[in-house]
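S.K.: Take this structure first; my questions come after.
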Amino acid sequence: MEKAIKKYWPVFVLPTLAAFLIGFIWPFIWGIGLSFCKFTTVKNVEFVGLSNYLNVWKDATFLHAFGFTTVFTIVSTVLINVLAFLLAMLLTRHMRGTNVFRTVFFMPNLIGGVVLGYIWQILLNGVLSLLEKPLLSLNATYGFWGIVILMCWQQIGYMMIIYIAGLQNVPPDLIEAARIDGASNSQILFKIKIPMVMPSITICTFLTLTNSFKLYDQNLSLTNGEPAKATQMLALNITDTFYARSGAQWKGIGQAKAVVFFLAVIALALVQLRFTRSKEVQA
Amino acid sequence: MNAKKILSLSMASAMAAALLAGCGSTAAASSTAESTGTAAASSTAESTGTAAAAAGKVYYLNFKPEQDEDWKALAAKYTEQTGVPVEVVTAASGQYETTLMSEMAKSDAPTLFQVNGPVGLANWKDYCYDLTGTPVAGELTSDAYALKDGDATLGIAYVIESYGIITNKTLLEKAGYTVDDIQSFADLKKVAEDITARKDELGFDAFTSAGMDGSSDWRFKTHLANLPIYFEYQEDGISSTDAIKGSYLDNYKNIFDLYINNATCDPKELAGKTGDDSRNEFLAGEAVFFQNGSWEYNNLVGDGKFSDDDVTMIPIYVGAGDEANQGLCTGTENFWCVNKEAPEEDIQATLDFIYWCVSSEEGTKAMADMGFVIPFKAAQESNNVFVKADTELTAAGKTPVSWNFTTMPSEEWKNGVGSALTAYAAGTGDWNGVVTAFVDGWATEAALNAA
């Protein structure tokens with residue numbers, strides 16, 4: 001078997017590798033290259049050196065979007081993971097209807113972001129106008145919490161499934177032994193269960209962190225950055241730079257912003273991975 | 001063994017090829033699916049033979065979704081007559097710039113596209129063929145309809161449109177007025193406020209909702225904002241600027257206040273109101289006035305809707321300038337440009353096609369049926385009642401308000417004004433916010449454009 005894999009690996013790897021190179025690596029390299037250029041279409045580019053990067057902070061909106069995105073990422077990562085973990089704990093207790101609940105909580109994840117955004121916009125605006133409060137696109141605070149609620153609703157189910165898998169893999173003998181030694185429920189949770197599901201926590205925080213940081217569709221459809229860009233996140237800011245400003249130079253600046261954005265996501269993800277990995281234990 | 005290896009490698013490459021071919025064919029399929037009308041056109045063109053291919057082809061990236069079908073029919077007719085394939089693709093509403101940018105990067109780029117005026121031209125002037133001296137440029141009724149960069153004619157306006165306050169004459173009469181009673185902002189205010197005061201008795205309101213949703217807010221952040229810009233340009237004798245003063249912003253406030261305080265809904269709800277909401281209110285007879293343009297004709301007049309006698313369009317009075325002689329806001333933001341990068345024969349085919357559109361019997365007829373007034377010598381009369389209103393007003397000696405919103409510095413500026421207006425209407429912001437977005441925003445955006 002192993003011999004066969006050694007021999008035939010190109011059969012399995014090549015098609016996907018080719019698609020990956022053409023569909024991902026090549027555009028990615030092009031993208032970085034374009035951030036040093038001034039262009040209207042990618043066929044006709046003019047090299048301008050680092051000036052795009054110097055102009056990245058020229059419109060004040062990018063810095064604000066950076067701050068807003070960071071706050072949003074922190075809040076949503078914490079909320080999603082804590083709530084998903086609690087749900088996972090509840091749904092591994094062998095209650096009646098566990099499978100129904102798991103399915104129900106997972107379902108929102110199957111709906112696309114833009115659709116969800118519009119549905120929640122109608123829903124939240126309906127509630128807000130009943131309460132006689134300003135609508136989502138008028139108040140940045142409501143807009144912020146709107147996106148947080150939407151993201152929680154969408155992502156908790158998915159993370160819950162990962163946590164359930166993790167919790168089910170905690171060896172029952174460990175817990176039994178702890179109980180015999182007289183450990184309380186909270187001690188079992190913090191000293192045994194959480195350390196044992198640390199790999200799941202690594203995956204889930206990685207997913208929520210990067211998803212929140214890169215958020216685009218939900219932001220676009222729920223508030224579209226209103227009021228006055230107060231709820232605009234980085235990805236939306238980049239497309240706006242690219243398309244909503246006139247003058248060829250803004251395409252390159254948008255591209256430079258995208259590279260800065262990419263570096264930020266990479267840095268964040270690496271720090272997070274290193275941090276949570278260091279907490280992982282072997283049973 | 002060796003044969004097996006070769007077999008496996010060839011299978012792998014076949015799979016890769018299939019994968020890529022898959023990408024290619026789905027893309028092609030979706031583009032034909034988008035243009036079912038043209039699919040037939042281009043296939044007939046292909047079958048008419050190689051002579052047509054040698055004579056070039058036309059690829060028109062159309063801006064107006066409402067005229068998609070008409071353009072495809074016209075293109076098919078042209079192909080039938082000349083054998084030159086014409087492909088019409090229409091960008092989704094609000095996605096023109098995005099679509100154009102990606103289409104232009106392809107090897108089969110549009111040969112005919114459009115820009116929305118001087119600011120739009122700044123992005124694309126490197127791609128525009130100089131139309132000076134071409135037959136189509138010679139057909140223009142006035143040089144004012146050519147979009148110039150220096151001496152070069154880079155764009156040609158192909159349609160003239162008007163906007164103003166669309167009025168339901170039947171309801172207005174029910175309220176005891178006629179359109180002749182409205183000759184100034186003071187008149188408009190008096191009528192609107194009287195209707196509001198008696199709305200329970202009358203059963204309708206003065207204005208449809210001034211929706212600030214993205215599908216409708218351009219009526220206020222762009223079209224209504226044209227009026228203070230126009231009067232300021234008139235006063236200062238300029239045609240564009242890097243720093244707007246906002247001399248007529250009080251007038252802008254007055255008209256916007258009038259819209260939102262005499263409308264079918266509470267100003268707080270405007271943030272979520274759409275263009276469809278506003279149109280449906282007008283169609284249902286819930287309001288007398290509806291600010292929009294001549295392009296709305298086919299949506300408002302027809303079976304089960306209004307008849308030509310029910311509606312007309314009056315100028316948007318803001319209490320500035322010479323109101324007695326103010327006409328509708330008439331102008332264009334639709335300029336045809338020919339792609340300079342296209343092969344020589346395609347450029348020629350495109351020039352022939354647009355010349356045919358604006359000079360031949362069929363072409364001008366089709367353009368008139370689309371509800372367009374075209375600024376070309378062979379133009380035929382349109383049956384659009386709003387266009388007729390503009391003709392009548394101009395004939396009566398009124399001066400049309402020109403479209404200066406094409407000089408607005410960027411989409412970002414419009415969005416800024418739009419958010420500020422929305423906040424003002426809802427009471428979460430004040431009018432100073434609008435002034436800041438209008439005046440300071442203009443300077444900021446103009447500076448950023450120059451960056």
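Numbering starts fresh at 1 for the residues of each chain in the structure tokens, the chains themselves are lettered A, B, ... in the order given, and ligands are numbered from 1 as they appear.
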Residues at most 12 Å from B:Thr178, counting only C-alpha atoms, excluding those fewer than 4 positions away in the same chain, as a PyMOL selection string?
M.R.: chain B and resi 167-174+182-183+187-188+191+288+310-312+314
S.K.: Need the shell around stretch 386-388 of chain B: protein/DNA/RNA residues with any atom at most 8 Å away, counting only C-alpha atoms. Skip same-chain ones fewer than 6 positions apart. Format as a list in words?
M.R.: Glu161, Ser162, Gly293, Ser294, Tyr297, Thr312, Met313 and Val373 of chain B
S.K.: Go ahead and write the residues just picked, C-alpha atoms, as a PDB file, in the first residue's frame.
M.R.:
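Result file result-v3.pdb:
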```pdb
ATOM      1  CA  GLU B 161     -32.449  62.488 -19.521  1.00  0.00           C
ATOM      2  CA  SER B 162     -34.443  64.724 -17.227  1.00  0.00           C
ATOM      3  CA  GLY B 293     -36.402  60.924 -13.680  1.00  0.00           C
ATOM      4  CA  SER B 294     -37.620  60.255 -17.187  1.00  0.00           C
ATOM      5  CA  TYR B 297     -41.591  56.259 -17.511  1.00  0.00           C
ATOM      6  CA  THR B 312     -46.200  64.934 -15.486  1.00  0.00           C
ATOM      7  CA  MET B 313     -42.928  66.257 -14.185  1.00  0.00           C
ATOM      8  CA  VAL B 373     -33.962  61.413 -26.144  1.00  0.00           C
TER       9      VAL B 373
END
```
S.K.: Run DSSP on the backbone and give me the residues of stretch 62-256 of chain A it puts in alpha helix (DSSP H), as a PyMOL selection string.
M.R.: chain A and resi 62-90+98-106+113-130+140-168+172-180+185-187+194-196+198-213+217-222+234-243+249-256
S.K.: Kindly assemble as CSV a list of the stretch 309-364 of chain B residues that lie within 12 Å of stretch 81-86 of chain B, each paired with its nearest atom pair and their distance in Å to one decimal, using only C-alpha atoms, sorted first by chain and then by ascending residue number.
M.R.:
```
residue,atom,partner,partner_atom,distance
B:Glu345,CA,B:Val84,CA,11.0
B:Asp346,CA,B:Val84,CA,9.8
B:Gln348,CA,B:Val84,CA,11.1
B:Ala349,CA,B:Val84,CA,7.5
B:Thr350,CA,B:Val86,CA,8.7
B:Asp352,CA,B:Val84,CA,9.9
B:Phe353,CA,B:Val86,CA,8.5
B:Ile354,CA,B:Val86,CA,11.0
B:Trp356,CA,B:Thr82,CA,10.6
B:Ser360,CA,B:Gln81,CA,11.9
B:Glu362,CA,B:Gln81,CA,10.8
B:Gly363,CA,B:Gln81,CA,11.9
```
S.K.: State, in Å with one decimal place, the distance from atom CA of B:Ala443 to atom CA of B:Asp242.
M.R.: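 Here the two named atoms are 6.1 Å from each other.
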S.K.: Would you mind writing down, as a ChimeraX atom specification, each residue of stretch 250-327 of chain B that DSSP on the backbone assigns to strand (DSSP E)?
M.R.: /B:287-293,311-314,326-327
S.K.: If we count only C-alpha atoms and set the cut-off at 9 Å, which residues sit around B:Leu100, ignoring sequence neighbours fewer than 6 positions away in its own chain? Please answer as a list of chain:residue names.
M.R.: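 Answer for this query is B:Leu61, B:Ala91, B:Ala109, B:Pro110, B:Phe113, B:Gln114.
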S.K.: Between A:Phe206, A:Phe28, A:Trp57, A:Tyr158, single out the one closest to chain B, counting only C-alpha atoms.
M.R.: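 Of the candidates, the smallest distance to chain B is held by A:Trp57.
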S.K.: List the spatial neighbours of stretch 34-48 of chain A as a count of residues only - criterion: any atom at most 6 Å away, only C-alpha atoms, same-chain residues fewer than 5 positions off excluded.
M.R.: 7
S.K.: What residues in chain A lie within 9 Å of chain B, counting only C-alpha atoms, written as an MDAnalysis selection string?
M.R.: chainID A and resid 7:8 10:16 18:19 40:44 55 58:59 122 125 129 132:139 226:229 240:241 243:250
